[in-house]
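As provided, structure_38.txt (compact mmCIF, C-alpha atoms) reads as follows.
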```
# COMPACT_ATOMS: atom_id res chain seq x y z
CA ILE A 168 226.13 70.12 141.64
CA TRP A 169 226.14 73.27 139.52
CA PHE A 170 228.16 76.40 140.28
CA LEU A 171 226.95 78.97 137.78
CA SER A 172 227.54 82.65 137.05
CA ILE A 173 226.85 83.43 133.41
CA PRO A 174 224.90 86.05 131.45
CA ILE A 175 221.96 84.69 129.46
CA GLY A 176 220.15 86.39 126.59
CA LEU A 177 216.97 88.28 127.39
CA SER A 178 214.81 85.85 125.40
CA ALA A 179 216.14 82.83 127.28
CA GLN A 180 215.01 81.01 130.35
CA MET A 181 216.68 78.69 132.81
CA VAL A 182 215.13 75.33 133.64
CA ASN A 183 216.49 73.06 136.35
CA ASN A 184 215.24 69.55 135.59
CA GLY A 185 215.94 67.77 138.87
CA ALA A 186 219.55 68.78 139.57
CA GLN A 187 221.01 70.60 142.57
CA PHE A 188 221.76 74.19 141.59
CA THR A 189 224.19 75.76 144.08
CA VAL A 190 225.15 79.43 144.20
CA SER A 191 228.19 79.87 146.45
CA GLY A 192 228.61 82.74 148.89
CA SER A 193 230.88 84.76 146.60
CA THR A 194 228.81 84.22 143.45
CA THR A 195 226.15 86.35 141.73
CA VAL A 196 223.92 84.76 139.12
CA SER A 197 222.37 87.42 136.89
CA GLY A 198 220.70 87.93 133.52
CA ILE A 199 218.09 85.16 133.87
CA PRO A 200 214.67 86.33 132.64
CA THR A 201 212.73 83.25 133.84
CA LEU A 202 213.79 80.52 136.27
CA THR A 203 211.86 77.26 136.56
CA ASN A 204 213.18 75.00 139.31
CA GLY A 205 212.37 71.31 139.17
CA GLY A 206 215.21 70.29 141.49
CA THR A 207 216.97 71.97 144.42
CA ILE A 208 218.29 75.53 144.55
CA ASN A 209 220.81 76.17 147.34
CA ASN A 210 221.40 79.93 147.27
CA GLU A 211 224.25 81.06 149.50
CA GLY A 212 225.15 83.97 147.21
CA THR A 213 222.94 86.26 145.10
CA ILE A 214 220.40 85.45 142.40
CA GLN A 215 219.28 88.42 140.31
CA LEU A 216 216.10 87.65 138.42
CA THR A 217 214.43 89.75 135.71
CA GLY A 218 211.64 87.30 134.89
CA ASP A 219 209.32 84.93 136.70
CA LEU A 220 210.40 82.41 139.33
CA ILE A 221 208.52 79.11 139.23
CA ASN A 222 209.69 76.80 142.02
CA GLN A 223 208.39 73.25 141.73
CA GLN A 224 210.69 71.60 144.30
CA ALA A 225 213.07 73.06 146.94
CA TYR A 226 214.69 76.45 147.51
CA ASP A 227 217.02 77.03 150.49
CA GLY A 228 220.15 78.83 151.63
CA SER A 229 221.10 82.08 153.37
CA GLY A 230 221.61 84.09 150.18
CA GLU A 231 219.80 87.00 148.53
CA LEU A 232 217.05 86.89 145.91
CA VAL A 233 216.90 90.15 143.94
CA LEU A 234 213.79 90.85 141.85
CA LEU A 235 214.59 93.23 138.99
CA GLY A 236 211.72 92.70 136.54
CA ALA A 237 208.49 94.47 135.75
CA SER A 238 205.21 92.60 136.29
CA GLN A 239 207.14 89.69 137.75
CA GLU A 240 205.48 86.54 139.16
CA ILE A 241 207.09 84.77 142.13
CA ASP A 242 205.77 81.25 142.72
CA LEU A 243 208.21 80.06 145.39
CA ASP A 244 206.07 78.31 148.06
CA ASP A 245 209.15 78.32 150.30
CA SER A 246 211.33 80.69 152.35
CA VAL A 247 214.10 83.08 151.35
CA ALA A 248 216.68 84.64 153.68
CA ILE A 249 217.10 88.02 151.97
CA LEU A 250 214.55 89.46 149.55
CA THR A 251 215.34 92.63 147.59
CA LEU A 252 212.70 94.33 145.45
CA GLY A 253 214.10 96.35 142.55
CA GLY A 254 213.21 96.92 138.92
CA SER A 255 210.65 99.31 137.50
CA GLY A 256 207.33 97.58 138.11
CA ASP A 257 205.29 95.51 140.52
CA HIS A 258 206.16 91.98 141.59
CA PHE A 259 203.38 89.61 142.62
CA LEU A 260 203.19 86.42 144.65
CA SER A 261 201.21 83.41 143.46
CA SER A 262 202.16 81.13 146.39
CA SER A 263 203.48 81.34 149.95
CA LEU A 264 206.71 83.23 150.61
CA GLN A 265 208.44 83.59 153.98
CA VAL A 266 211.36 85.97 154.57
CA SER A 267 213.69 84.97 157.41
CA ASP A 268 216.37 87.71 157.58
CA GLN A 269 216.00 90.88 155.49
CA MET A 270 213.47 92.54 153.19
CA ASN A 271 214.86 95.42 151.13
CA PHE A 272 212.79 97.84 149.06
CA ASN A 273 214.27 99.68 146.09
CA ASN A 274 211.56 101.70 144.36
CA SER A 275 209.14 98.85 143.57
CA ARG A 276 206.16 97.16 145.16
CA LEU A 277 205.19 93.58 146.02
CA LEU A 278 201.58 92.47 145.58
CA SER A 279 201.24 89.91 148.36
CA ASN A 280 197.90 88.26 147.50
CA ASP A 281 197.87 87.27 151.22
CA PHE A 282 200.94 85.03 150.74
CA LEU A 283 203.77 87.01 152.42
CA THR A 284 205.11 86.33 155.93
CA LEU A 285 208.06 87.97 157.68
CA GLN A 286 209.55 85.81 160.40
CA GLU A 287 210.49 87.30 163.78
CA ALA A 288 213.04 90.15 163.81
CA VAL A 289 213.31 90.45 160.02
CA THR A 290 215.03 93.72 159.08
CA VAL A 291 212.93 95.89 156.74
CA SER A 292 214.78 98.63 154.87
CA ASN A 293 213.81 101.58 152.64
CA PRO A 294 210.04 101.28 152.29
CA THR A 295 208.63 104.45 150.73
CA SER A 296 205.47 105.74 149.07
CA SER A 297 206.58 103.96 145.88
CA ALA A 298 208.07 100.84 147.50
CA TYR A 299 205.89 98.76 149.82
CA VAL A 300 203.67 95.68 150.12
CA VAL A 301 200.25 95.93 148.50
CA GLY A 302 197.78 93.72 150.35
CA ALA A 303 197.98 91.70 153.56
CA LEU A 304 201.28 91.10 155.36
CA SER A 305 201.87 88.63 158.20
CA VAL A 306 204.66 89.10 160.75
CA SER A 307 205.66 86.53 163.39
CA GLY A 308 206.95 87.02 166.93
CA THR A 309 206.83 89.51 169.78
CA SER A 310 209.47 91.94 168.52
CA ASP A 311 208.28 95.44 167.58
CA MET A 312 206.95 95.18 164.04
CA THR A 313 206.80 97.55 161.08
CA PHE A 314 204.25 96.60 158.45
CA PRO A 315 205.30 98.43 155.23
CA ILE A 316 201.88 98.05 153.64
CA GLY A 317 199.45 100.01 151.55
CA THR A 318 196.78 99.81 148.88
CA SER A 319 197.16 100.02 145.12
CA THR A 320 197.11 103.82 145.42
CA ASN A 321 198.56 104.78 148.84
CA TYR A 322 201.30 103.80 151.28
CA LEU A 323 199.69 103.25 154.71
CA PRO A 324 202.27 101.66 157.04
CA VAL A 325 201.52 100.36 160.52
CA ASP A 326 203.80 99.98 163.55
CA ILE A 327 202.90 97.43 166.22
CA SER A 328 204.90 97.34 169.45
CA THR A 329 204.88 96.21 173.10
CA ILE A 330 203.50 92.81 172.11
CA ASP A 331 202.60 90.42 174.91
CA GLY A 332 201.81 86.93 173.69
CA THR A 333 203.00 83.41 172.88
CA ASN A 334 204.31 82.77 169.36
CA PRO A 335 201.90 85.25 167.81
CA GLN A 336 201.59 85.91 164.09
CA LEU A 337 199.72 89.11 163.22
CA THR A 338 198.31 89.84 159.78
CA VAL A 339 197.59 93.45 158.79
CA GLU A 340 195.96 94.85 155.66
CA ALA A 341 195.11 98.44 154.71
CA VAL A 342 191.71 98.93 153.09
CA GLU A 343 190.56 102.11 151.37
CA SER A 344 186.81 102.09 151.89
CA ASP A 345 184.31 103.29 154.48
CA PRO A 346 184.40 101.04 157.57
CA ALA A 347 180.97 102.35 158.59
CA GLY A 348 182.15 102.67 162.17
CA ILE A 349 180.56 104.70 164.93
CA ALA A 350 182.51 106.95 167.31
CA GLY A 351 182.11 106.52 171.04
CA LYS A 352 183.69 104.99 174.14
CA ASN A 353 186.67 107.42 174.02
CA LEU A 354 186.84 107.16 170.21
CA LEU A 355 186.46 110.72 168.91
CA ALA A 356 185.92 110.03 165.20
CA VAL A 357 185.97 107.28 162.56
CA SER A 358 187.50 107.67 159.12
CA ASN A 359 185.08 107.37 156.22
CA ASP A 360 187.66 106.42 153.58
CA LYS A 361 190.12 103.88 155.03
CA TYR A 362 190.78 101.36 157.79
CA TRP A 363 193.25 98.65 158.78
CA ASP A 364 192.28 95.03 159.35
CA ILE A 365 194.45 93.46 162.10
CA SER A 366 194.00 89.78 162.90
CA LEU A 367 195.79 87.05 164.84
CA SER A 368 196.75 84.30 162.38
CA SER A 369 198.30 81.93 164.93
CA GLY A 370 199.56 81.77 168.52
CA SER A 371 198.08 83.87 171.29
CA ILE A 372 198.26 87.54 172.23
CA SER A 373 197.02 89.51 175.22
CA SER A 374 198.02 93.09 174.37
CA TYR A 375 199.88 95.32 171.89
CA GLU A 376 200.13 98.94 170.79
CA VAL A 377 199.34 100.19 167.28
CA ASN A 378 200.61 103.34 165.56
CA LEU A 379 198.64 104.30 162.42
CA PRO A 380 199.48 106.97 159.78
CA VAL A 381 196.43 109.13 160.45
```
Starting from the file, lay out its structure as C-alpha cells.
Amino acid sequence: IWFLSIPIGLSAQMVNNGAQFTVSGSTTVSGIPTLTNGGTINNEGTIQLTGDLINQQAYDGSGELVLLGASQEIDLDDSVAILTLGGSGDHFLSSSLQVSDQMNFNNSRLLSNDFLTLQEAVTVSNPTSSAYVVGALSVSGTSDMTFPIGTSTNYLPVDISTIDGTNPQLTVEAVESDPAGIAGKNLLAVSNDKYWDISLSSGSISSYEVNLPV
C-alpha cells in the first residue's frame, strides 16, 4: 500500500503498475502531470492532476479529484465522489464517468462526449458562462435537477423539477441549430437557432417540469 504526497517535475508522469495506491483523508497528492493507473487507486483525500488520467483498473474512495490542466483527457471508466474542474482550459472525457457526491466548477469546462452521469442528489456548485458541461449530461433520480450544460459557444442550463417516476435517468443536451419546429397547440413560437434534447435513458417517468433559459 502506498501513502504518497510528493511534488513531481512537470515533465514526469506517474504510473501505477498493479499496486494499491491509497491517498488518506488528510493527504493531498499534487504536481502529477499524467497518471496512468494499472492497479487500484483508493482516494480518500485529494488528488490534484495537471495532466491526463488513464485508468486501466480500479478507482474508488470518497475523496476529491481536482482537474487543473488545460486540454486534459480523463479516461476513468469509473465513479468519483467529488469532481472539481479548475485550470485554464477544457477537460474532456474519453470514457464513462459517474459523480456520486459533488461537482464543483472553477472557471473551466468539461466536454462530456456523452459519458458523464451525476447520481441522485449530487451537489453542483458554481457553474457559470465559462464553467459548465459541453455536450450531453445524464442525471439520475427524482430529486430536482440542475443540468449545467451548454454548447461550445454558449451556456444554456436546464432545471428539471417535480419528477414523478421510478429510478429515472434523464439525459439533456443543448443544441444550437434550427429544430424546424412548428408552433401550435398552445405553443406560441419555436426558436430557430437552438433547442434542448431531453430523453429518458433508463427507468420510467410519468411527469416533470422543465425550466429553460429562453
Hey, which bits of region 306-328 of chain A sit within 12 Å of region 283-286 of chain A, and for each residue what's the closest pair of atoms and how far apart in Å (one decimal), counting all atoms listed in the file, rows by chain and increasing number, as JSON lines?
```
{"residue": "A:Val306", "atom": "CA", "partner": "A:Leu285", "partner_atom": "CA", "distance": 4.7}
{"residue": "A:Ser307", "atom": "CA", "partner": "A:Gln286", "partner_atom": "CA", "distance": 5.0}
{"residue": "A:Gly308", "atom": "CA", "partner": "A:Gln286", "partner_atom": "CA", "distance": 7.1}
{"residue": "A:Thr309", "atom": "CA", "partner": "A:Gln286", "partner_atom": "CA", "distance": 10.4}
{"residue": "A:Ser310", "atom": "CA", "partner": "A:Gln286", "partner_atom": "CA", "distance": 10.2}
{"residue": "A:Met312", "atom": "CA", "partner": "A:Leu285", "partner_atom": "CA", "distance": 9.7}
{"residue": "A:Thr313", "atom": "CA", "partner": "A:Leu285", "partner_atom": "CA", "distance": 10.2}
{"residue": "A:Phe314", "atom": "CA", "partner": "A:Leu285", "partner_atom": "CA", "distance": 9.5}
{"residue": "A:Pro315", "atom": "CA", "partner": "A:Leu285", "partner_atom": "CA", "distance": 11.1}
{"residue": "A:Ile316", "atom": "CA", "partner": "A:Leu283", "partner_atom": "CA", "distance": 11.3}
```
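Residue nearest Val196 (chain A), chosen from A:Ser358, A:Thr290, A:Asn184, A:Thr213 and counting all atoms listed in the file: A:Thr213.
Note that CA of Leu264 (chain A) and CA of Ser279 (chain A) are 8.9 Å apart.
Between CA of Leu304 (chain A) and CA of Asn280 (chain A) the separation is 9.0 Å.
CA of Ala225 (chain A) is found 6.5 Å from CA of Gly206 (chain A).
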